[in-house]
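The block underneath contains the structure these notes are about, expressed in structure tokens.
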There are 2 protein chains.
Amino acid sequence: MSASASNSELPRGFSFAATACGLKKSGLDLALLVSETPAAAAAVFTKNRVQAAPVLASQAHLRKSRNKIRGIIVNSGNANCCTGPEGYAASAATTLKVARELGRLHPSQILVCSTGVIGAPLRVEKILRAVPDLVRARRASSSAFAQFTRAIMTTDTRPKRAAAQFRLGGKWVRLLGCCKGAGMIQPNMATMLAFLATDAAIPPAMLQRALRRAVAATFNCITVDGDTSTNDTVAILANGESGARKITREGADYKKFSAALESVCRKLALAIVADGEGAQRVIEIEVCGAPSDRAAGEIARTIANSPLVKTALAGADPNWGRILAAAGRAGVAFDFQRVSIRLTGITVCRRGREHPFSERVAHKRMLAKHVPIAVDLHSGRGRARMWTCDFTGEYVDINASYRT
Amino acid sequence: MSASASNSELPRGFSFAATACGLKKSGLDLALLVSETPAAAAAVFTKNRVQAAPVLASQAHLRKSRNKIRGIIVNSGNANCCTGPEGYAASAATTLKVARELGRLHPSQILVCSTGVIGAPLRVEKILRAVPDLVRARRASSSAFAQFTRAIMTTDTRPKRAAAQFRLGGKWVRLLGCCKGAGMIQPNMATMLAFLATDAAIPPAMLQRALRRAVAATFNCITVDGDTSTNDTVAILANGESGARKITREGADYKKFSAALESVCRKLALAIVADGEGAQRVIEIEVCGAPSDRAAGEIARTIANSPLVKTALAGADPNWGRILAAAGRAGVAFDFQRVSIRLTGITVCRRGREHPFSERVAHKRMLAKHVPIAVDLHSGRGRARMWTCDFTGEYVDINASYRT
């Protein structure tokens, strides 16, 4: 996935900037997204009981501004979480500074996000000092957007972006998104930072509905390590600058928009899994024949988070017994003697027991970048899909000394 | 922990044997425990929906024999799980063979356990061929018991045993136990194989009650990787050969027995965690101040299974933010701004934010073999304790190619 967007992909009326303000030891760590006119905004946030100061600040700003937002400021290198009253003050000061530099805006028109280590005090003065130049440097260009995508990274090895376009009544509408995330990833509303900008015209309530649906089917269906972050945020701004007619009800226009939104969210979510800490491959887990969709989801998630399944996948070992054992502990009632499992298209288990297959062939296929696992419980019509990555020694290396 | 029990620790009337029947590439893989007279038996089994053939066979035998058992036969190298009707036939044939060789016993007087890879057909003929010599070779000696403890191992790096003695009315009563387990360990009733033998005289129903309680406080409070095995079994035989008076009610004698049982179970459970796949250290997680004991347990378990917490512990990194973030996703309501956390006795977090501490000192202390973590939610009187181990690259290495 390339980090550069062609200028034609850029939604009208948005500009971007990034800089290195010194929160990270080196590299870009402060990013700004601006809609030059007020945009309808929608967002979903982490469901973790521990919520970072910027999450609380952004939620308050959305309420106060009635979902009319002008910009999003993001820092990496520090999550500003578990930082006490000073943490809230830092988020407030950041939005106030951006609002002033953009020209007499109310701070509630600015959203703020942070990502990085939890619990360390945020040295907000570094951010405040950098904001004026950052605001001035903003550009409506693909290279500025590429800088933005890099500045929000932490343990990510590459920037992640996706775009879509569609026509409404003869006018092109553009949707552009990017995200960061590689560890502390487990579905529960949003599970990382993602920013989406569109020049569609759509009221905030409809935008929120479309975002919730898209997130449920994409970001909420991925997991890297089962750990839900304290800072997860997916935010979208829609400024209507495309000139296309306004989406006012759940008709054909809304469907086009929702499909584009879901496609961008899916690409971004899969990019996170592919860049999962230490990951070699993406695992797609499809569960069907469950008593309900919910039951299928529980089983898919338990398989996706099983260290034994994920390490077997690191070794491209067709150890289907671990997949079935993980399903068995998901808290869902089913008869395992009906279960069949396909690994990379090869039936390895039927009626709860081994189906003859070539280990050599299966192993070879499992070395691919994308490994599908299909589990059929033959116990109903419920189905679900989850994406995860394999679990390697590199994940351990990355996380054994994250702070030091 | 030494594998050899002194002969004086051996409960009266029990004998042991082990052999290499060829299920493993090399080493002991078949073990036998015999009570020379009928013993009261109690057992707890895995709650995984996927249950191995020997688990189902042993459950049936306990019912049929009304909990009067003479012996336990155990193989390692193959779990005999997801092996279809042939798997059940194999477990039945094994107990039948042992029962005959011990002298016209009913097969239901024999329990059977298997541990190893899931889904591979069990070559039961290897077991059947080895049983006659195995039965003849049994001895009431500490070296025979040591062989037994080795023959049940899979990825374990060392055998695990524990013993206790106490006096009842002037007579010594002995309790001896051993277990195996290093991976696929997460509390849900029993979580591995453990075998306990005592010469106490106690009726099966009281024995079962005492075992359930002891397991709830010990084996069910450990986790290595969150994966519940399909073959978990904890079984105890009590043959009354000590000559001590029979325990008939929940009085002082029962309390002595229960205390000894819990102490042996705790030692065995902690030995499993210490020998967790790739583990460098044991982590003891104590949660207090929770809305309820159950809530405390959920939080303790979520922390204990968090890959981010466990990898930080591998690096002896005092990254308390990950501990609090894991607590926050446990599904329990609490105010994180009241939480305090102590790491190896050092307060690192108070009122949900960092409490000044020396990272260098904390890091040094975290290099110990035993690292206590204490989380106080200040939101009630519920408490719980869990034991786990750190998560290292070696765990990944062991499990990336378990079958190949």
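Just so we're on the same page: first chain in the structure tokens is A, next is B, and so on; residues restart at 1 for each chain, and ligands are numbered from 1 in the order they show up.
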**Message:** Would you pick out the contacts of region 171-179 of chain B at 10 Å or less, using only C-alpha atoms, so that residues sharing its chain but fewer than 6 positions from it are not included, and give the list as a VMD selection string?
**Reply:** chain B and resid 3 5 8 to 12 145 to 146 148 to 150 152 to 153 156 159 to 165 192 to 201 233 to 238 240 to 245 257 260 to 261 264 to 265 267 to 269 271 to 272
Residues of the last selection are to be written out with N, CA and C atoms, as a compact mmCIF listing (two decimals), in the first residue's frame.
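See again.txt below for the written result:
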```
# COMPACT_ATOMS: atom_id res chain seq x y z
N ALA B 3 12.05 -34.25 41.46
CA ALA B 3 11.06 -35.21 40.97
C ALA B 3 10.96 -36.42 41.88
N ALA B 5 10.25 -38.42 45.25
CA ALA B 5 9.58 -38.36 46.55
C ALA B 5 10.30 -39.35 47.46
N SER B 8 8.89 -42.31 52.40
CA SER B 8 7.98 -42.04 53.52
C SER B 8 6.82 -41.14 53.10
N GLU B 9 7.00 -40.40 51.99
CA GLU B 9 5.91 -39.53 51.50
C GLU B 9 4.85 -40.34 50.76
N LEU B 10 5.17 -41.55 50.33
CA LEU B 10 4.24 -42.33 49.51
C LEU B 10 3.02 -42.75 50.33
N PRO B 11 1.82 -42.45 49.87
CA PRO B 11 0.64 -42.96 50.56
C PRO B 11 0.66 -44.49 50.51
N ARG B 12 0.20 -45.11 51.56
CA ARG B 12 0.18 -46.57 51.61
C ARG B 12 -0.75 -47.15 50.54
N PHE B 145 7.41 -43.60 41.25
CA PHE B 145 6.58 -42.39 41.16
C PHE B 145 7.28 -41.32 40.31
N ALA B 146 8.60 -41.20 40.48
CA ALA B 146 9.36 -40.23 39.68
C ALA B 146 9.25 -40.55 38.19
N PHE B 148 6.71 -42.07 36.81
CA PHE B 148 5.34 -41.71 36.46
C PHE B 148 5.24 -40.22 36.11
N THR B 149 5.85 -39.39 36.97
CA THR B 149 5.74 -37.93 36.76
C THR B 149 6.41 -37.50 35.45
N ARG B 150 7.44 -38.26 35.03
CA ARG B 150 8.12 -37.93 33.77
C ARG B 150 7.32 -38.40 32.55
N ILE B 152 4.22 -38.44 31.98
CA ILE B 152 3.02 -37.69 31.61
C ILE B 152 3.37 -36.33 30.99
N MET B 153 4.66 -36.01 30.88
CA MET B 153 5.08 -34.70 30.38
C MET B 153 4.93 -34.56 28.86
N ASP B 156 6.43 -29.79 28.97
CA ASP B 156 6.99 -29.51 30.29
C ASP B 156 8.52 -29.68 30.24
N PRO B 159 9.46 -32.42 35.70
CA PRO B 159 8.30 -33.02 36.37
C PRO B 159 7.86 -32.14 37.54
N LYS B 160 6.60 -32.27 37.92
CA LYS B 160 6.03 -31.42 38.96
C LYS B 160 5.34 -32.29 39.99
N ARG B 161 5.76 -32.20 41.23
CA ARG B 161 5.14 -33.00 42.26
C ARG B 161 5.01 -32.19 43.54
N ALA B 162 4.13 -32.64 44.44
CA ALA B 162 3.98 -32.01 45.74
C ALA B 162 3.40 -33.03 46.69
N ALA B 163 3.71 -32.89 47.97
CA ALA B 163 3.25 -33.86 48.96
C ALA B 163 2.88 -33.15 50.24
N ALA B 164 2.03 -33.79 51.03
CA ALA B 164 1.67 -33.26 52.35
C ALA B 164 1.36 -34.44 53.26
N GLN B 165 1.58 -34.24 54.55
CA GLN B 165 1.22 -35.26 55.54
C GLN B 165 0.57 -34.57 56.72
N MET B 192 -5.34 -28.97 33.20
CA MET B 192 -4.19 -29.77 32.79
C MET B 192 -4.43 -31.17 33.31
N LEU B 193 -3.42 -31.99 33.42
CA LEU B 193 -3.57 -33.29 34.09
C LEU B 193 -2.92 -33.20 35.46
N ALA B 194 -3.66 -33.61 36.49
CA ALA B 194 -3.06 -33.74 37.82
C ALA B 194 -3.60 -35.00 38.47
N PHE B 195 -2.73 -35.72 39.14
CA PHE B 195 -3.11 -36.96 39.80
C PHE B 195 -2.71 -36.88 41.25
N LEU B 196 -3.65 -37.21 42.12
CA LEU B 196 -3.42 -37.12 43.55
C LEU B 196 -3.78 -38.46 44.17
N ALA B 197 -2.94 -38.91 45.07
CA ALA B 197 -3.19 -40.17 45.76
C ALA B 197 -3.07 -39.94 47.26
N THR B 198 -4.03 -40.47 48.02
CA THR B 198 -3.95 -40.33 49.47
C THR B 198 -4.41 -41.63 50.12
N ASP B 199 -3.83 -41.90 51.27
CA ASP B 199 -4.29 -43.07 52.02
C ASP B 199 -5.30 -42.69 53.08
N ALA B 200 -5.86 -41.49 52.97
CA ALA B 200 -6.95 -41.09 53.85
C ALA B 200 -8.18 -41.94 53.54
N ALA B 201 -9.05 -42.09 54.54
CA ALA B 201 -10.34 -42.76 54.34
C ALA B 201 -11.41 -41.68 54.30
N THR B 233 -7.83 -32.73 33.31
CA THR B 233 -8.37 -33.64 34.32
C THR B 233 -7.56 -33.50 35.60
N VAL B 234 -8.26 -33.35 36.72
CA VAL B 234 -7.63 -33.51 38.02
C VAL B 234 -8.35 -34.66 38.71
N ALA B 235 -7.62 -35.71 39.07
CA ALA B 235 -8.24 -36.88 39.70
C ALA B 235 -7.54 -37.21 41.00
N ILE B 236 -8.31 -37.63 41.98
CA ILE B 236 -7.74 -38.04 43.27
C ILE B 236 -8.31 -39.39 43.68
N LEU B 237 -7.44 -40.24 44.17
CA LEU B 237 -7.86 -41.54 44.71
C LEU B 237 -7.53 -41.56 46.21
N ALA B 238 -8.48 -42.03 47.01
CA ALA B 238 -8.28 -42.12 48.46
C ALA B 238 -8.62 -43.54 48.88
N GLY B 240 -7.78 -45.16 51.93
CA GLY B 240 -7.98 -45.46 53.36
C GLY B 240 -6.92 -46.34 53.99
N GLU B 241 -5.82 -46.63 53.28
CA GLU B 241 -4.81 -47.57 53.78
C GLU B 241 -3.94 -47.00 54.89
N SER B 242 -4.12 -45.72 55.22
CA SER B 242 -3.33 -45.15 56.31
C SER B 242 -3.71 -45.77 57.65
N GLY B 243 -4.93 -46.32 57.73
CA GLY B 243 -5.42 -46.84 59.00
C GLY B 243 -6.00 -45.76 59.89
N ALA B 244 -5.91 -44.50 59.43
CA ALA B 244 -6.49 -43.40 60.22
C ALA B 244 -8.02 -43.47 60.15
N ARG B 245 -8.65 -42.86 61.14
CA ARG B 245 -10.11 -42.94 61.19
C ARG B 245 -10.72 -42.27 59.96
N PHE B 257 -7.70 -32.36 56.20
CA PHE B 257 -7.53 -32.99 54.89
C PHE B 257 -7.62 -31.94 53.78
N ALA B 260 -4.54 -29.80 53.54
CA ALA B 260 -3.42 -30.52 52.91
C ALA B 260 -3.65 -30.60 51.40
N LEU B 261 -4.89 -30.88 51.02
CA LEU B 261 -5.22 -31.01 49.59
C LEU B 261 -4.98 -29.68 48.88
N VAL B 264 -1.24 -28.95 48.45
CA VAL B 264 -0.63 -29.74 47.37
C VAL B 264 -1.07 -29.20 46.00
N CYS B 265 -2.36 -28.91 45.87
CA CYS B 265 -2.85 -28.38 44.59
C CYS B 265 -2.20 -27.03 44.26
N LYS B 267 0.78 -25.91 45.22
CA LYS B 267 2.17 -26.14 44.80
C LYS B 267 2.22 -26.64 43.36
N LEU B 268 1.33 -27.55 43.02
CA LEU B 268 1.33 -28.10 41.66
C LEU B 268 0.94 -27.02 40.64
N ALA B 269 -0.08 -26.23 40.98
CA ALA B 269 -0.55 -25.18 40.06
C ALA B 269 0.56 -24.17 39.81
N ALA B 271 3.71 -24.71 40.10
CA ALA B 271 4.78 -25.37 39.34
C ALA B 271 4.46 -25.34 37.84
N ILE B 272 3.17 -25.43 37.49
CA ILE B 272 2.78 -25.35 36.07
C ILE B 272 3.10 -23.96 35.52
```
**Distance filter 8 Å, only C-alpha atoms, chain A against chain B, as a PyMOL selection string** = chain A and resi 47-50+82-84+117-120+184+225-230+306-308+311-317+319-322+324-329+332-337+352-354+391-394+396-397+399-404
**Request:** Write out as a ChimeraX atom specification all residues of region 202-273 of chain B that backbone DSSP assigns to helix (DSSP H, G or I).
**Result:** /B:204-217,219-221,252-273
Filtered DSSP result for region 65-210 of chain A, state strand (DSSP E or B), as a JSON list (two decimals) with N, CA and C atoms, in the first residue's frame:
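Dumped to out_13.json:
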```json
[["chain", "number", "residue", "atom", "x", "y", "z"],
["A", 68, "LYS", "N", -20.16, 20.01, 14.42],
["A", 68, "LYS", "CA", -19.60, 20.84, 13.35],
["A", 68, "LYS", "C", -18.12, 21.07, 13.66],
["A", 69, "ILE", "N", -17.26, 20.45, 12.90],
["A", 69, "ILE", "CA", -15.84, 20.43, 13.24],
["A", 69, "ILE", "C", -15.03, 21.05, 12.10],
["A", 70, "ARG", "N", -13.92, 21.72, 12.47],
["A", 70, "ARG", "CA", -13.03, 22.32, 11.48],
["A", 70, "ARG", "C", -11.70, 21.60, 11.33],
["A", 71, "GLY", "N", -11.26, 20.92, 12.41],
["A", 71, "GLY", "CA", -9.96, 20.29, 12.29],
["A", 71, "GLY", "C", -9.70, 19.23, 13.34],
["A", 72, "ILE", "N", -8.66, 18.42, 13.07],
["A", 72, "ILE", "CA", -8.24, 17.38, 14.01],
["A", 72, "ILE", "C", -6.74, 17.50, 14.19],
["A", 73, "ILE", "N", -6.31, 17.60, 15.45],
["A", 73, "ILE", "CA", -4.88, 17.63, 15.75],
["A", 73, "ILE", "C", -4.50, 16.32, 16.44],
["A", 74, "VAL", "N", -3.42, 15.70, 15.97],
["A", 74, "VAL", "CA", -3.02, 14.38, 16.46],
["A", 74, "VAL", "C", -1.55, 14.39, 16.83],
["A", 75, "ASN", "N", -1.24, 13.87, 18.03],
["A", 75, "ASN", "CA", 0.18, 13.65, 18.33],
["A", 75, "ASN", "C", 0.46, 12.17, 18.53],
["A", 76, "SER", "N", 1.62, 11.72, 18.11],
["A", 76, "SER", "CA", 2.08, 10.38, 18.43],
["A", 76, "SER", "C", 3.23, 10.50, 19.42],
["A", 78, "ASN", "N", 3.03, 9.81, 22.67],
["A", 78, "ASN", "CA", 2.49, 9.88, 24.03],
["A", 78, "ASN", "C", 0.97, 9.82, 23.94],
["A", 110, "ILE", "N", -12.47, 21.84, 17.24],
["A", 110, "ILE", "CA", -11.26, 21.05, 16.99],
["A", 110, "ILE", "C", -11.33, 19.74, 17.78],
["A", 111, "LEU", "N", -11.04, 18.62, 17.10],
["A", 111, "LEU", "CA", -10.89, 17.33, 17.80],
["A", 111, "LEU", "C", -9.40, 17.10, 18.07],
["A", 112, "VAL", "N", -9.13, 16.32, 19.11],
["A", 112, "VAL", "CA", -7.73, 16.06, 19.47],
["A", 112, "VAL", "C", -7.55, 14.56, 19.74],
["A", 113, "CYS", "N", -6.45, 14.00, 19.23],
["A", 113, "CYS", "CA", -6.13, 12.59, 19.44],
["A", 113, "CYS", "C", -4.67, 12.45, 19.81],
["A", 114, "SER", "N", -4.40, 11.44, 20.65],
["A", 114, "SER", "CA", -3.02, 11.16, 21.04],
["A", 114, "SER", "C", -2.80, 9.65, 20.99],
["A", 115, "THR", "N", -1.57, 9.24, 20.70],
["A", 115, "THR", "CA", -1.26, 7.81, 20.68],
["A", 115, "THR", "C", 0.21, 7.61, 21.04],
["A", 139, "ARG", "N", -1.44, 22.16, 3.58],
["A", 139, "ARG", "CA", -1.59, 22.18, 2.14],
["A", 139, "ARG", "C", -2.65, 21.18, 1.72],
["A", 160, "LYS", "N", -0.80, 3.86, 6.40],
["A", 160, "LYS", "CA", -1.95, 3.11, 5.89],
["A", 160, "LYS", "C", -3.00, 4.09, 5.41],
["A", 161, "ARG", "N", -3.37, 4.00, 4.14],
["A", 161, "ARG", "CA", -4.36, 4.90, 3.60],
["A", 161, "ARG", "C", -5.28, 4.16, 2.64],
["A", 162, "ALA", "N", -6.44, 4.72, 2.39],
["A", 162, "ALA", "CA", -7.36, 4.15, 1.41],
["A", 162, "ALA", "C", -8.25, 5.27, 0.92],
["A", 163, "ALA", "N", -8.74, 5.14, -0.31],
["A", 163, "ALA", "CA", -9.57, 6.19, -0.90],
["A", 163, "ALA", "C", -10.69, 5.56, -1.72],
["A", 164, "ALA", "N", -11.76, 6.31, -1.92],
["A", 164, "ALA", "CA", -12.85, 5.88, -2.79],
["A", 164, "ALA", "C", -13.48, 7.11, -3.42],
["A", 165, "GLN", "N", -14.06, 6.91, -4.60],
["A", 165, "GLN", "CA", -14.79, 7.99, -5.26],
["A", 165, "GLN", "C", -16.07, 7.43, -5.83],
["A", 166, "PHE", "N", -17.07, 8.25, -5.89],
["A", 166, "PHE", "CA", -18.31, 7.82, -6.54],
["A", 166, "PHE", "C", -19.04, 9.06, -7.03],
["A", 167, "ARG", "N", -20.00, 8.85, -7.94],
["A", 167, "ARG", "CA", -20.71, 9.98, -8.52],
["A", 167, "ARG", "C", -22.10, 10.10, -7.91],
["A", 168, "LEU", "N", -22.47, 11.34, -7.61],
["A", 168, "LEU", "CA", -23.82, 11.62, -7.14],
["A", 168, "LEU", "C", -24.39, 12.68, -8.07],
["A", 171, "LYS", "N", -21.88, 14.58, -10.14],
["A", 171, "LYS", "CA", -20.72, 15.19, -9.48],
["A", 171, "LYS", "C", -19.89, 14.10, -8.79],
["A", 172, "TRP", "N", -18.58, 14.24, -8.84],
["A", 172, "TRP", "CA", -17.70, 13.31, -8.12],
["A", 172, "TRP", "C", -17.67, 13.65, -6.65],
["A", 173, "VAL", "N", -17.76, 12.60, -5.81],
["A", 173, "VAL", "CA", -17.57, 12.75, -4.37],
["A", 173, "VAL", "C", -16.35, 11.92, -3.99],
["A", 174, "ARG", "N", -15.50, 12.48, -3.15],
["A", 174, "ARG", "CA", -14.26, 11.80, -2.77],
["A", 174, "ARG", "C", -14.26, 11.46, -1.28],
["A", 175, "LEU", "N", -13.66, 10.32, -0.97],
["A", 175, "LEU", "CA", -13.53, 9.89, 0.43],
["A", 175, "LEU", "C", -12.11, 9.38, 0.61],
["A", 176, "LEU", "N", -11.41, 9.96, 1.56],
["A", 176, "LEU", "CA", -10.01, 9.61, 1.77],
["A", 176, "LEU", "C", -9.83, 9.29, 3.25],
["A", 177, "GLY", "N", -9.08, 8.25, 3.55],
["A", 177, "GLY", "CA", -8.87, 7.89, 4.95],
["A", 177, "GLY", "C", -7.47, 7.41, 5.22],
["A", 178, "CYS", "N", -7.07, 7.49, 6.48],
["A", 178, "CYS", "CA", -5.81, 6.89, 6.89],
["A", 178, "CYS", "C", -5.96, 6.42, 8.32],
["A", 179, "CYS", "N", -5.06, 5.57, 8.76],
["A", 179, "CYS", "CA", -5.14, 5.08, 10.14],
["A", 179, "CYS", "C", -3.77, 4.67, 10.61],
["A", 180, "LYS", "N", -3.67, 4.48, 11.92],
["A", 180, "LYS", "CA", -2.46, 3.93, 12.53],
["A", 180, "LYS", "C", -2.91, 2.82, 13.48],
["A", 193, "LEU", "N", -6.48, 4.62, 15.77],
["A", 193, "LEU", "CA", -6.85, 5.94, 15.26],
["A", 193, "LEU", "C", -7.11, 5.83, 13.76],
["A", 194, "ALA", "N", -8.23, 6.34, 13.31],
["A", 194, "ALA", "CA", -8.48, 6.45, 11.87],
["A", 194, "ALA", "C", -9.15, 7.78, 11.59],
["A", 195, "PHE", "N", -8.72, 8.41, 10.51],
["A", 195, "PHE", "CA", -9.26, 9.71, 10.13],
["A", 195, "PHE", "C", -9.77, 9.64, 8.71],
["A", 196, "LEU", "N", -11.00, 10.09, 8.51],
["A", 196, "LEU", "CA", -11.61, 10.03, 7.19],
["A", 196, "LEU", "C", -12.10, 11.42, 6.83],
["A", 197, "ALA", "N", -11.87, 11.79, 5.59],
["A", 197, "ALA", "CA", -12.33, 13.10, 5.12],
["A", 197, "ALA", "C", -13.09, 12.89, 3.83],
["A", 198, "THR", "N", -14.24, 13.54, 3.71],
["A", 198, "THR", "CA", -15.01, 13.45, 2.47],
["A", 198, "THR", "C", -15.61, 14.81, 2.14]]
```
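CA of Asp133 (chain B) to CA of Ala41 (chain B) spans 25.2 Å [interatomic distance, one decimal].
Comparing B:Arg158, B:Arg249, B:Arg63, B:His106 by their smallest distance to Ile202 (chain B), the closest is B:Arg249 (using only C-alpha atoms).
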**Item:** Residue contacts of Leu56 (chain B) (10 Å, only C-alpha atoms) excluding same-chain residues fewer than 2 positions away, as a ChimeraX atom specification
**Value:** /B:45,51-54,58-61,88,91,112-113,231
**Prompt:** For Cys221 (chain A), which of A:Ala130, A:Ala17, A:Met366, A:Met386 is the closest residue, counting only C-alpha atoms?
**Reply:** A:Met386
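By only C-alpha atoms, and with residues fewer than 2 positions from Gly297 (chain A) along its chain excluded, the set lying at most 10 Å from it is Cys221, Ile285, Glu286, Val287, Cys288, Ala290, Ser292, Asp293, Arg294, Ala295, Ile299, Ala300, Arg301, Thr302, Ile303, Ala330, Gly382, Arg383, Ala384, Arg385 and Met386 of chain A.
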**Asked** What separation in Å, quoted to one decimal, exists between CA of Ala374 (chain B) and CA of Thr155 (chain A)?
**Response** 28.6 Å
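Closest to Ala43 (chain A) among A:Leu30, A:Ala217, A:Ala368, A:Met206 is A:Met206, based on only C-alpha atoms.
Across the structure, CA of Lys25 (chain A) and CA of Ala274 (chain A) are spaced 25.5 Å apart.
Each of A:Gly380, A:Pro203, A:Gly77, A:Pro356 was compared to Gly289 (chain A) using only C-alpha atoms, and A:Gly380 turns out to be the nearest.
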